[in-house]
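S.K.: Structure incoming, see below.
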Amino acid sequence: MLLLDIEAELSLWEHGREVWREQHFPVAESAHHLARRLRSPEAGREDFALDSMQAEKGLLRFVNSDEGWRVGSVFTPDFWTSPVTWDVLAAQIKQLDRAVREGVAGMGIEPTFLSEPSQAASIG
C-alpha cells in the first residue's frame, strides 16, 4: 500500500495558540488509520495512539476523560487539549481525512487507496 512518504505539516492548536507542530507528519498513513478507527467498534469508546511505520507511536493520541476527549502527542507529554465530545473529535478527524484526500488527488494520485470509497463515505 502506497502510504509511506506522503507527508505534510500538521499542527495542534488550543485557543488560538499553536502548541505542537510536526513538519513531516505521515498524513496519508495517518488518514488511513484514523478512517479505519472511526469505522471500528472501538470508535468513541477506547483511547487511540497513532501507530505509524514512519513515526514514534503516540505521535498523535486521543484519550477519553470524564470531561470528554483530549488530543495530545508523545512530543508534548504535559499538554492535552481541552476536552471535546466524541462528535466534535470525529468531525475534526473527518476534516483531516478530506484534506488529505484532496491533497493526494492534487498530486495526481487516486485517493481511494486510503480506504475504499464506500467506507470513506460512511465514516462516523
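As shown in the C-alpha cells, the chain order sets the letters A, B, ...; within each chain, residues go from 1, and ligands are also counted from 1 in the order they appear.
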Show which residues sit within 10 Å of segment 16-27 of chain A, as a PyMOL selection string. Count only C-alpha atoms, and ignore same-chain residues fewer than 5 positions away.
M.R.: chain A and resi 3-11+32-33+52-55+59-60+72-73+75-76+79-81+96-97+99-101+103-104
S.K.: Go ahead and save the residues from that selection, with N, CA and C atoms, as a CSV table (one decimal), in the first residue's frame.
M.R.:
```csv
chain,number,residue,atom,x,y,z
A,3,LEU,N,1.4,4.3,1.3
A,3,LEU,CA,1.0,5.2,2.3
A,3,LEU,C,2.2,6.0,2.8
A,4,LEU,N,3.4,5.4,2.7
A,4,LEU,CA,4.6,6.0,3.2
A,4,LEU,C,5.1,7.1,2.3
A,5,ASP,N,5.8,8.0,2.9
A,5,ASP,CA,6.4,9.2,2.2
A,5,ASP,C,5.4,10.2,1.7
A,6,ILE,N,4.2,10.2,2.1
A,6,ILE,CA,3.3,11.3,1.8
A,6,ILE,C,3.1,12.0,3.1
A,7,GLU,N,3.9,13.1,3.2
A,7,GLU,CA,3.9,13.8,4.5
A,7,GLU,C,3.5,15.3,4.3
A,8,ALA,N,3.1,15.9,5.4
A,8,ALA,CA,2.7,17.3,5.4
A,8,ALA,C,2.9,17.8,6.8
A,9,GLU,N,2.9,19.1,6.9
A,9,GLU,CA,3.0,19.7,8.2
A,9,GLU,C,1.6,19.6,8.9
A,10,LEU,N,1.7,19.2,10.2
A,10,LEU,CA,0.5,19.2,11.0
A,10,LEU,C,0.7,19.9,12.3
A,11,SER,N,-0.2,20.7,12.7
A,11,SER,CA,-0.1,21.4,13.9
A,11,SER,C,-1.3,21.3,14.8
A,32,HIS,N,-5.4,7.0,6.7
A,32,HIS,CA,-5.8,5.6,6.6
A,32,HIS,C,-6.2,5.0,7.9
A,33,HIS,N,-5.3,5.1,8.9
A,33,HIS,CA,-5.5,4.5,10.2
A,33,HIS,C,-6.7,5.2,11.0
A,52,SER,N,2.4,4.5,13.7
A,52,SER,CA,2.9,4.7,12.3
A,52,SER,C,4.2,4.0,12.0
A,53,MET,N,4.4,3.6,10.8
A,53,MET,CA,5.7,3.0,10.4
A,53,MET,C,6.7,4.1,10.3
A,54,GLN,N,6.3,5.4,10.2
A,54,GLN,CA,7.2,6.5,9.9
A,54,GLN,C,7.5,7.3,11.2
A,55,ALA,N,6.7,7.1,12.2
A,55,ALA,CA,6.9,8.0,13.4
A,55,ALA,C,6.7,7.2,14.7
A,59,LEU,N,2.6,9.6,18.3
A,59,LEU,CA,2.8,10.9,17.7
A,59,LEU,C,1.5,11.7,17.8
A,60,LEU,N,0.4,11.0,17.7
A,60,LEU,CA,-0.9,11.6,17.9
A,60,LEU,C,-1.7,10.7,18.8
A,72,GLY,N,-3.4,14.8,22.3
A,72,GLY,CA,-2.0,15.1,22.7
A,72,GLY,C,-1.0,14.3,21.8
A,73,SER,N,0.2,14.5,22.2
A,73,SER,CA,1.3,13.8,21.5
A,73,SER,C,2.4,13.4,22.5
A,75,PHE,N,5.3,14.0,22.0
A,75,PHE,CA,6.3,15.0,22.0
A,75,PHE,C,5.9,16.2,22.9
A,76,THR,N,4.7,16.3,23.4
A,76,THR,CA,4.3,17.3,24.3
A,76,THR,C,3.5,16.5,25.4
A,79,PHE,N,1.0,18.3,27.8
A,79,PHE,CA,-0.1,19.1,27.2
A,79,PHE,C,-1.2,18.1,26.6
A,80,TRP,N,-2.4,18.5,26.9
A,80,TRP,CA,-3.6,17.9,26.3
A,80,TRP,C,-4.6,19.0,26.0
A,81,THR,N,-5.3,18.8,24.9
A,81,THR,CA,-6.3,19.8,24.5
A,81,THR,C,-7.4,19.8,25.5
A,96,LEU,N,-9.7,16.3,8.6
A,96,LEU,CA,-8.3,15.9,8.2
A,96,LEU,C,-8.3,14.9,7.1
A,97,ASP,N,-9.2,13.9,7.1
A,97,ASP,CA,-9.3,12.9,6.1
A,97,ASP,C,-9.6,13.6,4.7
A,99,ALA,N,-9.1,16.7,3.8
A,99,ALA,CA,-7.9,17.5,3.4
A,99,ALA,C,-6.8,16.6,2.8
A,100,VAL,N,-6.6,15.5,3.4
A,100,VAL,CA,-5.5,14.6,2.9
A,100,VAL,C,-5.9,14.0,1.6
A,101,ARG,N,-7.2,13.6,1.4
A,101,ARG,CA,-7.7,13.1,0.1
A,101,ARG,C,-7.6,14.2,-1.0
A,103,GLY,N,-5.5,16.7,-1.0
A,103,GLY,CA,-4.0,16.9,-1.3
A,103,GLY,C,-3.4,15.8,-2.1
A,104,VAL,N,-3.8,14.5,-1.8
A,104,VAL,CA,-3.3,13.4,-2.6
A,104,VAL,C,-3.9,13.4,-4.0
```
S.K.: Could you give me, as JSON, numbers by chain, each residue of chain A that DSSP assigns to strand (DSSP E) when run on this structure's backbone?
M.R.: {"A": [8, 9, 10, 11, 12, 13, 14, 17, 18, 19, 20, 21, 22, 23, 24, 25, 48, 49, 61, 62, 63, 64, 69, 70, 71, 72]}
S.K.: Output the selection as a short mmCIF file (atom, residue, chain, number, x, y, z; two decimals), in the first residue's frame - C-alpha atoms for each residue.
M.R.:
```cif
data_model
loop_
_atom_site.label_atom_id
_atom_site.label_comp_id
_atom_site.auth_asym_id
_atom_site.auth_seq_id
_atom_site.Cartn_x
_atom_site.Cartn_y
_atom_site.Cartn_z
CA ALA A 8 2.73 17.29 5.36
CA GLU A 9 2.99 19.71 8.21
CA LEU A 10 0.46 19.15 10.97
CA SER A 11 -0.06 21.45 13.91
CA LEU A 12 -2.21 21.26 17.02
CA TRP A 13 -3.83 24.47 18.24
CA GLU A 14 -5.54 25.28 21.51
CA ARG A 17 -2.26 29.17 20.18
CA GLU A 18 -0.09 26.61 18.44
CA VAL A 19 1.10 24.04 20.97
CA TRP A 20 2.64 21.40 18.73
CA ARG A 21 3.85 21.13 15.16
CA GLU A 22 5.28 18.22 13.19
CA GLN A 23 6.96 19.20 9.92
CA HIS A 24 6.98 15.68 8.42
CA PHE A 25 3.73 14.20 9.66
CA PHE A 48 -6.17 5.62 20.45
CA ALA A 49 -2.48 6.22 19.76
CA ARG A 61 -3.05 10.41 20.79
CA PHE A 62 -6.77 10.57 21.58
CA VAL A 63 -7.70 9.91 25.21
CA ASN A 64 -11.15 9.83 26.75
CA TRP A 69 -11.89 13.51 24.51
CA ARG A 70 -8.45 15.12 24.61
CA VAL A 71 -5.74 15.16 21.96
CA GLY A 72 -2.02 15.07 22.67
#
```
S.K.: Nearest residue to Pro77 of chain A out of A:Ala31, A:Gly58, A:Ala91, A:Glu42, using only C-alpha atoms?
M.R.: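 Between A:Ala31, A:Gly58, A:Ala91, A:Glu42, the residue approaching Pro77 of chain A most closely is A:Gly58.
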S.K.: If you measure from atom CA of Met107 of chain A to atom CA of Leu89 of chain A, what distance in Å do you get, rounded to one decimal?
M.R.: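 Atom CA of Leu89 of chain A lies at a distance of 27.3 Å from atom CA of Met107 of chain A.
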S.K.: Excluding Gly44 of chain A and any residue of its chain fewer than 3 positions from it, enumerate the residues within 9 Å of it, using only C-alpha atoms, and give them as a count of residues only.
M.R.: 8
S.K.: Between atom CA of Val74 of chain A and atom CA of Leu50 of chain A, what is the distance, to one decimal in Å?
M.R.: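 Interatomic distance here is 10.4 Å.
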S.K.: Rounded to one decimal in Å, what is the spacing between atom CA of Gln92 of chain A and atom CA of Arg36 of chain A?
M.R.: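 For atom CA of Gln92 of chain A relative to atom CA of Arg36 of chain A, the distance reads 14.8 Å.
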S.K.: With DSSP run on the backbone, what are the alpha helix (DSSP H) residues within segment 51-123 of chain A? I'd like them as a list of chain:residue names.
M.R.: A:Trp86, A:Asp87, A:Val88, A:Leu89, A:Ala90, A:Ala91, A:Gln92, A:Ile93, A:Lys94, A:Gln95, A:Leu96, A:Asp97, A:Arg98, A:Ala99, A:Val100, A:Arg101, A:Glu102, A:Gly103, A:Val104, A:Ala105, A:Gly106, A:Pro117, A:Ser118, A:Gln119, A:Ala120, A:Ala121
S.K.: For each of A:Ala105, A:Lys57, A:Thr112, A:Arg45, take the minimum atom-to-atom distance to Thr85 of chain A, counting only C-alpha atoms, then give the residue where this is smallest.
M.R.: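 Of A:Ala105, A:Lys57, A:Thr112, A:Arg45, the one nearest Thr85 of chain A is A:Arg45, counting only C-alpha atoms.
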S.K.: With a distance cut-off of 8 Å and only C-alpha atoms, select the neighbouring residues of Glu102 of chain A, excluding the residue or stretch itself and same-chain residues fewer than 4 positions from it, and output the selection as a list in words.
M.R.: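 Answer for this query is Arg98, Gly106 and Pro111 of chain A.
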